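Colleague: Next comes the structure file final29.txt, holding compact mmCIF, C-alpha atoms and all ligand atoms.
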```txt
# COMPACT_ATOMS: atom_id res chain seq x y z
CA MET A 471 -3.99 0.48 29.82
CA ASN A 472 -1.99 1.80 32.73
CA GLY A 473 1.19 3.68 33.59
CA SER A 474 2.13 6.83 31.72
CA MET A 475 0.28 6.06 28.49
CA ASN A 476 -2.97 7.67 29.69
CA LYS A 477 -1.28 11.02 30.07
CA TYR A 478 0.14 10.99 26.51
CA ILE A 479 -3.14 9.84 25.05
CA GLU A 480 -5.06 12.62 26.81
CA GLU A 481 -2.54 15.17 25.60
CA ALA A 482 -2.67 13.81 22.05
CA GLU A 483 -6.45 14.01 21.98
CA SER A 484 -6.34 17.62 23.13
CA VAL A 485 -4.00 18.77 20.36
CA LEU A 486 -4.03 16.42 17.35
CA LEU A 487 -6.86 16.90 14.90
CA HIS A 488 -9.26 14.05 15.55
CA THR A 489 -9.10 12.26 12.18
CA TYR A 490 -8.30 8.80 13.57
CA ASN A 491 -9.87 6.61 16.21
CA ARG A 492 -6.57 5.32 17.48
CA PHE A 493 -5.83 2.22 19.51
CA PRO A 494 -5.01 3.28 23.11
CA VAL A 495 -1.31 2.49 22.80
CA VAL A 496 1.74 4.76 22.78
CA PHE A 497 4.62 3.02 21.05
CA ASP A 498 8.15 3.60 22.19
CA HIS A 499 10.47 1.34 20.17
CA GLY A 500 10.64 -1.78 18.06
CA LYS A 501 12.85 -4.80 17.49
CA GLY A 502 12.39 -7.26 14.63
CA VAL A 503 8.65 -7.95 14.30
CA ARG A 504 7.84 -6.67 17.76
CA LEU A 505 6.88 -3.25 19.09
CA TYR A 506 7.05 -2.03 22.69
CA ASP A 507 4.84 0.60 24.29
CA THR A 508 5.97 3.23 26.79
CA ASP A 509 5.03 0.87 29.63
CA GLY A 510 7.33 -1.81 28.21
CA LYS A 511 4.55 -4.15 27.00
CA GLU A 512 5.45 -6.22 23.93
CA TYR A 513 3.30 -6.56 20.80
CA LEU A 514 3.66 -8.93 17.85
CA ASP A 515 3.18 -6.78 14.77
CA PHE A 516 0.97 -7.99 11.91
CA CYS A 517 0.33 -4.46 10.64
CA ALA A 518 3.85 -3.14 9.90
CA GLY A 519 2.73 0.48 10.20
CA ILE A 520 0.16 -0.25 7.45
CA ALA A 521 2.35 -2.32 5.12
CA VAL A 522 5.34 -0.02 5.52
CA PHE A 523 7.96 -1.51 7.80
CA ALA A 524 8.75 -4.54 5.66
CA LEU A 525 12.27 -5.29 6.93
CA GLY A 526 11.64 -5.29 10.66
CA TYR A 527 12.23 -2.74 13.39
CA GLY A 528 15.68 -1.85 14.67
CA ASN A 529 17.16 -3.08 11.38
CA GLU A 530 20.79 -2.17 11.99
CA GLU A 531 21.98 -2.01 8.38
CA TYR A 532 19.00 0.14 7.40
CA ASN A 533 19.54 2.44 10.38
CA ASN A 534 23.25 2.75 9.62
CA ALA A 535 22.62 3.54 5.95
CA LEU A 536 20.28 6.36 6.98
CA LYS A 537 22.62 7.67 9.67
CA ALA A 538 25.51 7.78 7.19
CA GLN A 539 23.37 9.72 4.71
CA ILE A 540 22.21 12.15 7.42
CA ASP A 541 25.83 12.98 8.15
CA LYS A 542 26.54 13.52 4.43
CA LEU A 543 23.53 15.32 2.97
CA ILE A 544 19.82 15.22 3.76
CA HIS A 545 18.37 17.55 1.17
CA CYS A 546 19.47 19.61 -1.80
CA SER A 547 16.22 20.06 -3.88
CA ASN A 548 15.46 18.74 -7.34
CA LEU A 549 17.29 21.62 -8.98
CA PHE A 550 20.44 19.49 -8.50
CA TYR A 551 21.46 15.85 -8.79
CA SER A 552 22.33 13.56 -5.90
CA VAL A 553 23.97 10.14 -5.93
CA PRO A 554 21.31 8.35 -3.82
CA ALA A 555 18.52 9.63 -6.11
CA VAL A 556 20.30 8.36 -9.22
CA ASN A 557 20.96 4.95 -7.68
CA ALA A 558 17.44 4.62 -6.30
CA ALA A 559 16.00 5.58 -9.69
CA LYS A 560 18.10 2.98 -11.51
CA GLU A 561 17.32 0.20 -9.05
CA LEU A 562 13.62 0.91 -8.58
CA THR A 563 12.83 1.18 -12.29
CA LYS A 564 14.77 -2.03 -12.89
CA ALA A 565 12.82 -3.84 -10.15
CA ALA A 566 9.52 -2.64 -11.64
CA GLY A 567 10.40 -3.17 -15.31
CA MET A 568 9.80 0.56 -15.93
CA ASP A 569 11.99 3.19 -17.61
CA ARG A 570 11.36 6.47 -15.78
CA VAL A 571 10.59 7.45 -12.21
CA PHE A 572 9.47 10.54 -10.31
CA PHE A 573 9.90 10.40 -6.51
CA THR A 574 7.14 11.75 -4.27
CA ASN A 575 6.65 12.13 -0.52
CA SER A 576 3.62 9.88 -0.18
CA GLY A 577 1.31 7.46 -1.92
CA ALA A 578 -1.37 10.03 -2.60
CA GLU A 579 1.18 12.25 -4.33
CA ALA A 580 2.30 9.32 -6.47
CA ILE A 581 -1.34 8.94 -7.58
CA GLU A 582 -1.59 12.67 -8.31
CA GLY A 583 1.51 12.39 -10.50
CA ALA A 584 0.19 9.31 -12.28
CA ILE A 585 -3.08 11.09 -13.10
CA LYS A 586 -1.23 14.11 -14.41
CA ALA A 587 1.14 11.95 -16.46
CA ALA A 588 -1.78 10.11 -18.06
CA ARG A 589 -3.72 13.28 -18.85
CA LYS A 590 -0.63 14.92 -20.32
CA TYR A 591 0.07 11.87 -22.50
CA ALA A 592 -3.41 12.05 -23.99
CA TYR A 593 -3.21 15.83 -24.36
CA THR A 594 0.08 15.55 -26.25
CA ARG A 595 -1.48 12.92 -28.49
CA ASP A 596 -4.69 14.72 -29.51
CA GLY A 597 -4.71 18.20 -27.94
CA ASN A 598 -8.05 17.59 -26.23
CA THR A 599 -8.72 18.74 -22.67
CA ASP A 600 -11.70 16.58 -21.79
CA HIS A 601 -10.13 13.17 -21.23
CA GLU A 602 -11.72 10.62 -18.92
CA ILE A 603 -10.27 8.20 -16.41
CA ILE A 604 -11.94 4.96 -15.37
CA ALA A 605 -11.45 4.03 -11.71
CA MET A 606 -12.78 1.05 -9.76
CA ASN A 607 -15.53 0.84 -7.20
CA ASN A 608 -14.27 -0.21 -3.76
CA SER A 609 -10.78 1.12 -4.55
CA PHE A 610 -8.56 3.30 -2.38
CA HIS A 611 -5.92 5.64 -3.77
CA GLY A 612 -5.39 8.28 -1.05
CA ARG A 613 -6.80 11.42 0.53
CA THR A 614 -5.70 14.36 -1.62
CA MET A 615 -8.28 15.75 -4.02
CA GLY A 616 -7.03 13.97 -7.15
CA ALA A 617 -6.41 10.66 -5.39
CA LEU A 618 -9.78 10.95 -3.67
CA SER A 619 -11.41 11.57 -7.05
CA VAL A 620 -10.34 8.12 -8.26
CA THR A 621 -11.16 6.41 -4.93
CA GLY A 622 -14.26 4.29 -5.48
CA ASN A 623 -15.87 4.87 -2.12
CA LYS A 624 -18.48 7.63 -1.98
CA LYS A 625 -18.27 7.88 1.80
CA TYR A 626 -14.70 9.18 1.51
CA ARG A 627 -15.51 11.54 -1.39
CA GLU A 628 -18.88 13.12 -0.79
CA PRO A 629 -18.06 15.66 1.97
CA PHE A 630 -15.41 17.13 -0.32
CA TYR A 631 -17.33 17.50 -3.58
CA PRO A 632 -16.73 18.63 -6.24
CA MET A 633 -14.00 16.18 -7.20
CA ILE A 634 -11.75 16.57 -10.24
CA GLY A 635 -13.89 15.96 -13.30
CA ASN A 636 -14.30 13.20 -15.85
CA ILE A 637 -13.84 10.18 -13.60
CA GLU A 638 -16.00 7.11 -14.25
CA TYR A 639 -16.33 4.18 -11.87
CA ALA A 640 -16.54 0.55 -12.96
CA ASP A 641 -16.69 -2.69 -10.98
CA PHE A 642 -13.39 -4.35 -10.14
CA ASN A 643 -13.07 -7.86 -11.60
CA ASP A 644 -15.93 -7.19 -14.04
CA LEU A 645 -14.54 -6.60 -17.52
CA ASP A 646 -17.94 -5.79 -19.05
CA SER A 647 -18.51 -3.09 -16.47
CA VAL A 648 -15.22 -1.46 -17.55
CA LEU A 649 -15.99 -1.89 -21.27
CA ASN A 650 -19.30 -0.11 -20.69
CA LYS A 651 -17.47 2.97 -19.39
CA VAL A 652 -14.90 3.23 -22.20
CA THR A 653 -15.40 6.12 -24.62
CA GLY A 654 -13.19 7.83 -27.20
CA LYS A 655 -12.11 10.18 -24.41
CA THR A 656 -10.83 7.51 -22.01
CA CYS A 657 -7.14 8.17 -21.36
CA ALA A 658 -6.44 5.85 -18.44
CA ILE A 659 -7.75 3.02 -16.29
CA ILE A 660 -6.53 3.06 -12.70
CA MET A 661 -6.74 0.22 -10.20
CA GLU A 662 -4.94 -1.55 -7.40
CA THR A 663 -3.55 -4.91 -8.50
CA ILE A 664 -4.79 -6.20 -5.15
CA GLN A 665 -7.40 -3.93 -3.55
CA GLY A 666 -6.12 -3.21 -0.04
CA GLU A 667 -8.30 -0.88 2.03
CA GLY A 668 -11.38 -2.17 0.19
CA GLY A 669 -10.96 -5.60 1.77
CA ILE A 670 -8.04 -7.50 0.15
CA TYR A 671 -9.44 -8.39 -3.28
CA PRO A 672 -6.81 -9.62 -5.76
CA ALA A 673 -7.50 -8.86 -9.44
CA GLU A 674 -8.63 -11.97 -11.26
CA PRO A 675 -6.15 -12.98 -13.99
CA GLU A 676 -8.73 -12.87 -16.79
CA PHE A 677 -9.85 -9.43 -15.68
CA LEU A 678 -6.38 -7.88 -15.53
CA LYS A 679 -5.28 -9.49 -18.80
CA GLY A 680 -8.50 -8.30 -20.42
CA ILE A 681 -7.88 -4.76 -19.21
CA ARG A 682 -4.31 -4.87 -20.55
CA LYS A 683 -5.57 -5.99 -23.95
CA LEU A 684 -8.26 -3.30 -24.00
CA CYS A 685 -5.67 -0.64 -23.11
CA ASP A 686 -3.32 -1.83 -25.86
CA GLU A 687 -6.07 -1.76 -28.47
CA LYS A 688 -7.30 1.72 -27.61
CA ASP A 689 -4.08 3.45 -26.50
CA ILE A 690 -5.46 3.79 -22.97
CA LEU A 691 -2.86 3.88 -20.20
CA LEU A 692 -3.07 1.24 -17.50
CA ILE A 693 -2.14 2.71 -14.11
CA LEU A 694 -1.55 0.05 -11.45
CA ASP A 695 -1.48 1.26 -7.86
CA GLU A 696 0.99 -1.00 -6.06
CA ILE A 697 1.37 1.28 -3.06
CA GLN A 698 0.16 -1.45 -0.70
CA CYS A 699 0.54 -4.71 -2.62
CA GLY A 700 3.91 -3.91 -4.26
CA MET A 701 7.44 -4.15 -2.88
CA GLY A 702 7.33 -7.90 -2.40
CA ARG A 703 4.19 -8.15 -0.30
CA SER A 704 2.32 -10.45 -2.69
CA GLY A 705 5.30 -12.80 -3.15
CA SER A 706 6.66 -11.16 -6.30
CA MET A 707 8.37 -7.77 -6.27
CA PHE A 708 5.27 -6.26 -7.89
CA ALA A 709 1.92 -8.03 -7.82
CA TYR A 710 1.39 -7.60 -11.58
CA GLU A 711 4.37 -9.86 -12.31
CA ALA A 712 2.27 -12.87 -11.29
CA TYR A 713 -0.22 -11.98 -14.06
CA GLY A 714 2.40 -11.84 -16.80
CA ILE A 715 1.43 -8.24 -17.63
CA SER A 716 2.98 -4.86 -17.05
CA PRO A 717 1.30 -1.47 -16.55
CA ASP A 718 2.10 1.76 -18.39
CA ILE A 719 2.34 3.66 -15.12
CA VAL A 720 2.86 2.20 -11.64
CA THR A 721 2.67 3.86 -8.24
CA VAL A 722 4.57 2.80 -5.13
CA ALA A 723 4.97 4.17 -1.60
CA LYS A 724 4.50 2.51 1.81
CA ALA A 725 7.29 -0.13 1.94
CA VAL A 726 9.51 1.46 -0.71
CA GLY A 727 11.31 3.50 1.96
CA CYS A 728 10.37 1.34 4.94
CA GLY A 729 9.43 4.27 7.14
CA VAL A 730 10.84 7.45 5.62
CA PRO A 731 8.25 9.39 3.61
CA VAL A 732 8.85 8.40 0.00
CA GLY A 733 6.75 7.20 -2.89
CA ALA A 734 7.12 7.18 -6.65
CA PHE A 735 5.31 6.94 -9.92
CA MET A 736 7.09 5.14 -12.72
CA MET A 737 6.31 4.83 -16.40
CA THR A 738 7.50 3.31 -19.63
CA GLN A 739 9.63 5.32 -22.05
CA LYS A 740 6.69 5.40 -24.45
CA VAL A 741 4.58 7.26 -21.88
CA ALA A 742 7.47 9.48 -20.77
CA ASP A 743 8.11 10.59 -24.36
CA MET A 744 4.64 12.15 -24.54
CA SER A 745 4.13 13.17 -20.94
CA LEU A 746 5.52 15.43 -18.23
CA VAL A 747 8.26 17.92 -19.20
CA PRO A 748 9.99 20.75 -17.27
CA GLY A 749 7.32 23.03 -15.82
CA ASP A 750 4.65 20.33 -15.69
CA HIS A 751 5.36 18.82 -12.29
CA GLY A 752 7.63 19.17 -9.28
CA THR A 753 8.24 18.68 -5.58
CA THR A 754 10.58 20.34 -3.10
CA TYR A 755 11.34 17.34 -0.88
CA GLY A 756 10.48 14.50 -3.24
CA GLY A 757 13.30 11.97 -3.65
CA ASN A 758 15.81 13.85 -1.53
CA PRO A 759 19.13 12.16 -0.66
CA LEU A 760 17.89 10.89 2.72
CA VAL A 761 14.78 9.09 1.45
CA THR A 762 16.40 7.76 -1.71
CA ALA A 763 19.29 6.38 0.37
CA ALA A 764 16.56 4.49 2.24
CA VAL A 765 15.10 3.20 -1.04
CA CYS A 766 18.56 1.93 -2.11
CA GLU A 767 19.09 0.17 1.21
CA VAL A 768 15.62 -1.40 1.11
CA LEU A 769 16.23 -2.74 -2.39
CA ARG A 770 19.68 -4.01 -1.36
CA GLN A 771 18.16 -5.99 1.50
CA PHE A 772 15.48 -7.41 -0.80
CA ARG A 773 18.22 -8.69 -3.08
CA GLU A 774 20.65 -9.96 -0.48
CA LYS A 775 18.26 -11.45 2.07
CA ASP A 776 15.92 -13.22 -0.35
CA ILE A 777 12.92 -11.47 1.16
CA LEU A 778 10.62 -12.69 -1.64
CA LEU A 779 11.32 -16.34 -0.84
CA ASN A 780 10.33 -15.73 2.78
CA VAL A 781 7.14 -13.97 1.69
CA ARG A 782 6.15 -16.91 -0.50
CA GLU A 783 6.96 -19.61 2.07
CA THR A 784 5.64 -17.84 5.17
CA GLY A 785 2.70 -16.48 3.17
CA GLU A 786 1.69 -19.98 2.18
CA TYR A 787 2.04 -21.15 5.76
CA LEU A 788 -0.08 -18.21 6.94
CA TYR A 789 -2.67 -19.07 4.28
CA GLY A 790 -3.03 -22.61 5.61
CA LYS A 791 -3.29 -21.45 9.22
CA LEU A 792 -5.88 -18.76 8.46
CA ASP A 793 -7.89 -21.31 6.46
CA GLU A 794 -8.00 -23.46 9.59
CA VAL A 795 -9.23 -20.51 11.66
CA ALA A 796 -11.84 -19.65 9.02
CA ALA A 797 -13.11 -23.23 9.04
CA ARG A 798 -13.62 -23.15 12.80
CA TYR A 799 -16.00 -20.19 12.97
CA ASP A 800 -19.16 -19.76 10.94
CA PHE A 801 -18.94 -15.96 11.31
CA ILE A 802 -15.74 -15.97 9.23
CA THR A 803 -17.21 -16.05 5.74
CA ALA A 804 -14.18 -15.78 3.42
CA HIS A 805 -10.40 -15.75 3.29
CA ARG A 806 -8.58 -13.89 0.49
CA GLY A 807 -5.13 -12.69 -0.46
CA ARG A 808 -1.65 -13.71 -1.54
CA GLY A 809 1.77 -13.75 0.06
CA LEU A 810 1.73 -11.54 3.13
CA ILE A 811 -1.37 -9.54 2.24
CA GLN A 812 -4.34 -11.59 3.40
CA GLY A 813 -7.77 -10.92 4.84
CA LEU A 814 -10.40 -12.78 6.85
CA VAL A 815 -13.97 -11.62 6.23
CA PHE A 816 -16.21 -11.40 9.30
CA ASP A 817 -19.97 -11.38 9.64
CA ASN A 818 -19.95 -8.21 11.73
CA ASP A 819 -23.42 -8.87 13.19
CA LYS A 820 -22.15 -12.00 14.86
CA MET A 821 -18.53 -11.00 15.53
CA PRO A 822 -17.37 -7.47 14.64
CA ALA A 823 -13.91 -7.50 13.01
CA GLY A 824 -13.01 -4.19 14.68
CA GLU A 825 -13.80 -5.63 18.11
CA VAL A 826 -11.52 -8.62 17.47
CA CYS A 827 -8.70 -6.22 16.50
CA LYS A 828 -9.18 -4.20 19.72
CA ARG A 829 -9.03 -7.35 21.83
CA ALA A 830 -5.98 -8.57 19.90
CA VAL A 831 -4.11 -5.33 20.57
CA SER A 832 -4.82 -5.58 24.28
CA ASN A 833 -3.61 -9.20 24.04
CA GLY A 834 -0.33 -8.06 22.47
CA LEU A 835 -1.04 -8.61 18.75
CA ILE A 836 -1.37 -5.74 16.29
CA ILE A 837 -3.91 -6.47 13.57
CA ILE A 838 -6.09 -3.95 11.76
CA THR A 839 -9.21 -3.99 9.61
CA ALA A 840 -9.63 -3.30 5.89
CA GLY A 841 -13.07 -1.94 5.13
CA SER A 842 -15.43 -2.54 8.04
CA ASN A 843 -15.57 -6.32 8.17
CA VAL A 844 -12.19 -7.67 7.09
CA ILE A 845 -9.22 -8.33 9.37
CA ARG A 846 -6.11 -7.68 7.34
CA PHE A 847 -2.78 -9.44 7.85
CA ILE A 848 0.11 -7.35 6.51
CA PRO A 849 3.10 -8.19 8.72
CA PRO A 850 6.73 -7.22 8.17
CA LEU A 851 8.01 -9.40 5.32
CA VAL A 852 10.62 -10.96 7.61
CA ILE A 853 8.19 -12.81 9.88
CA THR A 854 8.76 -16.52 10.51
CA LYS A 855 6.44 -19.50 10.79
CA GLU A 856 6.89 -19.36 14.58
CA ASP A 857 5.60 -15.78 14.51
CA VAL A 858 2.60 -16.98 12.49
CA ASP A 859 1.88 -19.71 15.07
CA GLU A 860 2.08 -17.16 17.88
CA MET A 861 -0.19 -14.78 15.98
CA ILE A 862 -2.80 -17.50 15.38
CA GLY A 863 -2.82 -18.32 19.10
CA ILE A 864 -3.53 -14.71 20.07
CA LEU A 865 -6.05 -14.29 17.23
CA VAL A 866 -8.07 -17.29 18.40
CA ARG A 867 -7.88 -16.11 22.02
CA SER A 868 -9.11 -12.68 20.88
CA ILE A 869 -11.99 -14.17 18.87
CA GLU A 870 -13.05 -16.29 21.83
CA ASN A 871 -12.44 -13.41 24.21
CA ASP A 872 -10.71 -15.37 26.96
C1 LIG B 1 -1.99 3.78 1.44
C2 LIG B 1 -2.43 3.80 0.04
C3 LIG B 1 -2.45 4.98 -0.73
C4 LIG B 1 -2.16 6.34 -0.14
O1 LIG B 1 -0.86 6.44 0.34
P1 LIG B 1 -0.48 7.63 1.37
O2 LIG B 1 1.01 7.49 1.54
O3 LIG B 1 -1.25 7.37 2.64
O4 LIG B 1 -0.87 8.91 0.73
C5 LIG B 1 -2.79 4.88 -2.07
N1 LIG B 1 -3.09 3.69 -2.63
C6 LIG B 1 -3.08 2.55 -1.93
C7 LIG B 1 -3.39 1.26 -2.61
C8 LIG B 1 -2.76 2.55 -0.57
O5 LIG B 1 -2.78 1.42 0.12
```
So, in terms of structure tokens, how does the structure I just supplied come out?

Modeller:
Amino acid sequence: MNGSMNKYIEEAESVLLHTYNRFPVVFDHGKGVRLYDTDGKEYLDFCAGIAVFALGYGNEEYNNALKAQIDKLIHCSNLFYSVPAVNAAKELTKAAGMDRVFFTNSGAEAIEGAIKAARKYAYTRDGNTDHEIIAMNNSFHGRTMGALSVTGNKKYREPFYPMIGNIEYADFNDLDSVLNKVTGKTCAIIMETIQGEGGIYPAEPEFLKGIRKLCDEKDILLILDEIQCGMGRSGSMFAYEAYGISPDIVTVAKAVGCGVPVGAFMMTQKVADMSLVPGDHGTTYGGNPLVTAAVCEVLRQFREKDILLNVRETGEYLYGKLDEVAARYDFITAHRGRGLIQGLVFDNDKMPAGEVCKRAVSNGLIIITAGSNVIRFIPPLVITKEDVDEMIGILVRSIEND
């Protein structure tokens, strides 16, 4: 680190609440799959702002779509209609195979909405107020109180007890463990289709299909959190498509606006008919013309640029290359993931994953961890095989520390 970055970092640490241990880098601008710091140093980006910037930095069509909307109308509140919100709603529900959508400002808010929608559905059905939700151990759903309550990691929850009530935790990919938690009060089961923060664990097909069947039999709502693994990252628009099942409620955020704060929870008409009505839920900013114009442009680029094909082809190439790296080092104990959401598991006693990420960043490659011992690869969805080759070179150099 040199130049002017030190000054900004010192200032930041004197005024921002210290809730992150940040990398010592101040970013200035981006182009394609590369970011540049305020000293002009270039970085290859395999983080994408945590699975957000799917279409690459300095994307001219995206920037122009947003600029045009800024000049027209940025915000008008949800007391009125706007054209971008209508178009985004039509296109996003179509992409997800859902019927209804509510736009939020973040992923955590999408989870809050999904929880409320599920509880209201059950309340409308039987009038009871003691419904239960089953969440998964090792899951991550966000930092607000409701989202935290369904996050299966006690370390994140405990300082903030009490959580919202009636949440049970089961083991992901263990159908019996879920069956053991089901009672007559269970109204919903919530999980990520591919666990992200927990260490890149895809749901096993038999598990997810079993959960779907269980939910159908008992009128329990299946909430799939696709905030990280959705929007094309797994190789299909939504990760659940690959399982041949569909949830009752789905949450999205991160890449859905590619950088403007927008998320959504979507549901089937069946759920909507018995769920949230005027007075039950709201948001001032949520789904305003600016962010929904971004959603429309993102979905347009997915359609017209065949982003999914690139994810599948480059994802497979990345899989092969990471397998080779894993085979070379005995401290890399597993390799998991699909498409462009993959993880290498490190034996932290021999080679700490976090240390490798730090070295990589100083070597001009942005990679981050998931959990404490997994390096996660979640690049922009427009990366090429050449970018993968370059990444592998820097990764190996960072592992070997030369
Ligand atoms: C990031 C994430 C969230 C929370 O989203 P925020 O926008 O940070 O509130 C929820 N669920 C999953 C799976 C995520 O990856």

Colleague: Residues within 10 Å of ligand LIG 1 (chain B) should be enumerated using only C-alpha atoms and all ligand atoms and returned as a PDB file with C-alpha atoms, in the frame of the given file.

Modeller:
```pdb
ATOM      1  CA  ILE A 520       0.160  -0.250   7.450  1.00  0.00           C
ATOM      2  CA  ALA A 521       2.350  -2.320   5.120  1.00  0.00           C
ATOM      3  CA  VAL A 522       5.340  -0.020   5.520  1.00  0.00           C
ATOM      4  CA  THR A 574       7.140  11.750  -4.270  1.00  0.00           C
ATOM      5  CA  ASN A 575       6.650  12.130  -0.520  1.00  0.00           C
ATOM      6  CA  SER A 576       3.620   9.880  -0.180  1.00  0.00           C
ATOM      7  CA  GLY A 577       1.310   7.460  -1.920  1.00  0.00           C
ATOM      8  CA  ALA A 578      -1.370  10.030  -2.600  1.00  0.00           C
ATOM      9  CA  GLU A 579       1.180  12.250  -4.330  1.00  0.00           C
ATOM     10  CA  ALA A 580       2.300   9.320  -6.470  1.00  0.00           C
ATOM     11  CA  ILE A 581      -1.340   8.940  -7.580  1.00  0.00           C
ATOM     12  CA  GLU A 582      -1.590  12.670  -8.310  1.00  0.00           C
ATOM     13  CA  SER A 609     -10.780   1.120  -4.550  1.00  0.00           C
ATOM     14  CA  PHE A 610      -8.560   3.300  -2.380  1.00  0.00           C
ATOM     15  CA  HIS A 611      -5.920   5.640  -3.770  1.00  0.00           C
ATOM     16  CA  GLY A 612      -5.390   8.280  -1.050  1.00  0.00           C
ATOM     17  CA  ARG A 613      -6.800  11.420   0.530  1.00  0.00           C
ATOM     18  CA  THR A 614      -5.700  14.360  -1.620  1.00  0.00           C
ATOM     19  CA  ALA A 617      -6.410  10.660  -5.390  1.00  0.00           C
ATOM     20  CA  LEU A 618      -9.780  10.950  -3.670  1.00  0.00           C
ATOM     21  CA  THR A 621     -11.160   6.410  -4.930  1.00  0.00           C
ATOM     22  CA  MET A 661      -6.740   0.220 -10.200  1.00  0.00           C
ATOM     23  CA  GLU A 662      -4.940  -1.550  -7.400  1.00  0.00           C
ATOM     24  CA  THR A 663      -3.550  -4.910  -8.500  1.00  0.00           C
ATOM     25  CA  ILE A 664      -4.790  -6.200  -5.150  1.00  0.00           C
ATOM     26  CA  GLN A 665      -7.400  -3.930  -3.550  1.00  0.00           C
ATOM     27  CA  GLY A 666      -6.120  -3.210  -0.040  1.00  0.00           C
ATOM     28  CA  GLU A 667      -8.300  -0.880   2.030  1.00  0.00           C
ATOM     29  CA  GLY A 668     -11.380  -2.170   0.190  1.00  0.00           C
ATOM     30  CA  LEU A 694      -1.550   0.050 -11.450  1.00  0.00           C
ATOM     31  CA  ASP A 695      -1.480   1.260  -7.860  1.00  0.00           C
ATOM     32  CA  GLU A 696       0.990  -1.000  -6.060  1.00  0.00           C
ATOM     33  CA  ILE A 697       1.370   1.280  -3.060  1.00  0.00           C
ATOM     34  CA  GLN A 698       0.160  -1.450  -0.700  1.00  0.00           C
ATOM     35  CA  CYS A 699       0.540  -4.710  -2.620  1.00  0.00           C
ATOM     36  CA  GLY A 700       3.910  -3.910  -4.260  1.00  0.00           C
ATOM     37  CA  THR A 721       2.670   3.860  -8.240  1.00  0.00           C
ATOM     38  CA  VAL A 722       4.570   2.800  -5.130  1.00  0.00           C
ATOM     39  CA  ALA A 723       4.970   4.170  -1.600  1.00  0.00           C
ATOM     40  CA  LYS A 724       4.500   2.510   1.810  1.00  0.00           C
ATOM     41  CA  ALA A 725       7.290  -0.130   1.940  1.00  0.00           C
ATOM     42  CA  PRO A 731       8.250   9.390   3.610  1.00  0.00           C
ATOM     43  CA  VAL A 732       8.850   8.400   0.000  1.00  0.00           C
ATOM     44  CA  GLY A 733       6.750   7.200  -2.890  1.00  0.00           C
TER      45      GLY A 733
END
```

Colleague: Any idea what the distance is between CA of Tyr787 (chain A) and CA of Lys855 (chain A)?

Modeller: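 For CA of Tyr787 (chain A) relative to CA of Lys855 (chain A), the distance reads 6.9 Å.
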
Colleague: Would you be able to write out as a list in words which residues have an atom within 12 Å of (-2.6, -21.6, 7.3) in the file's coordinates, counting all atoms listed in the file?

Modeller: Glu783, Thr784, Gly785, Glu786, Tyr787, Leu788, Tyr789, Gly790, Lys791, Leu792, Asp793, Glu794, Val795, Ala796, Ala797, His805, Arg806, Arg808, Gly809, Leu810, Gln812, Leu814, Lys855, Val858, Asp859, Met861 and Ile862 of chain A

Colleague: What is the distance, in Å and to one decimal place, between CA of Tyr490 (chain A) and CA of Ser842 (chain A)?

Modeller: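 If I compute the distance from CA of Tyr490 (chain A) to CA of Ser842 (chain A), I get 14.5 Å.
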
Colleague: CA of Arg589 (chain A) and CA of Ala658 (chain A) are how many Å apart?

Modeller: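 Those two atoms sit 7.9 Å apart.
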
Colleague: Excluding Asp819 (chain A) and residues on its chain fewer than 2 positions from it, collect all residues at most 12 Å away from it, counting all atoms listed in the file, and give them as a compact mmCIF listing (two decimals) with C-alpha atoms, in the coordinates of the input.

Modeller:
```txt
# COMPACT_ATOMS: atom_id res chain seq x y z
CA ASP A 800 -19.16 -19.76 10.94
CA PHE A 801 -18.94 -15.96 11.31
CA ILE A 802 -15.74 -15.97 9.23
CA PHE A 816 -16.21 -11.40 9.30
CA ASP A 817 -19.97 -11.38 9.64
CA MET A 821 -18.53 -11.00 15.53
CA PRO A 822 -17.37 -7.47 14.64
CA ALA A 823 -13.91 -7.50 13.01
CA GLY A 824 -13.01 -4.19 14.68
CA GLU A 825 -13.80 -5.63 18.11
CA SER A 842 -15.43 -2.54 8.04
CA ASN A 843 -15.57 -6.32 8.17
```

Colleague: Leu851 (chain A): which residues within 6 Å, counting all atoms listed in the file, same-chain residues fewer than 2 positions away excluded, as a list in words?

Modeller: Ala524, Val781 and Ile853 of chain A

Colleague: So that I can see what lies close to Asp646 (chain A), please list as a ChimeraX atom specification the residues with an atom at most 12 Å from it, counting only C-alpha atoms and leaving out residues fewer than 5 positions away in the same chain.

Modeller: /A:640-641,651-652,676-677,680-681,684

Colleague: As a list in words, please: the residues near Gly597 (chain A) (cut-off 12 Å, all atoms listed in the file, same-chain neighbours under 6 positions excluded).

Modeller: Arg589, Lys590, Tyr591, Lys655 and Met744 of chain A
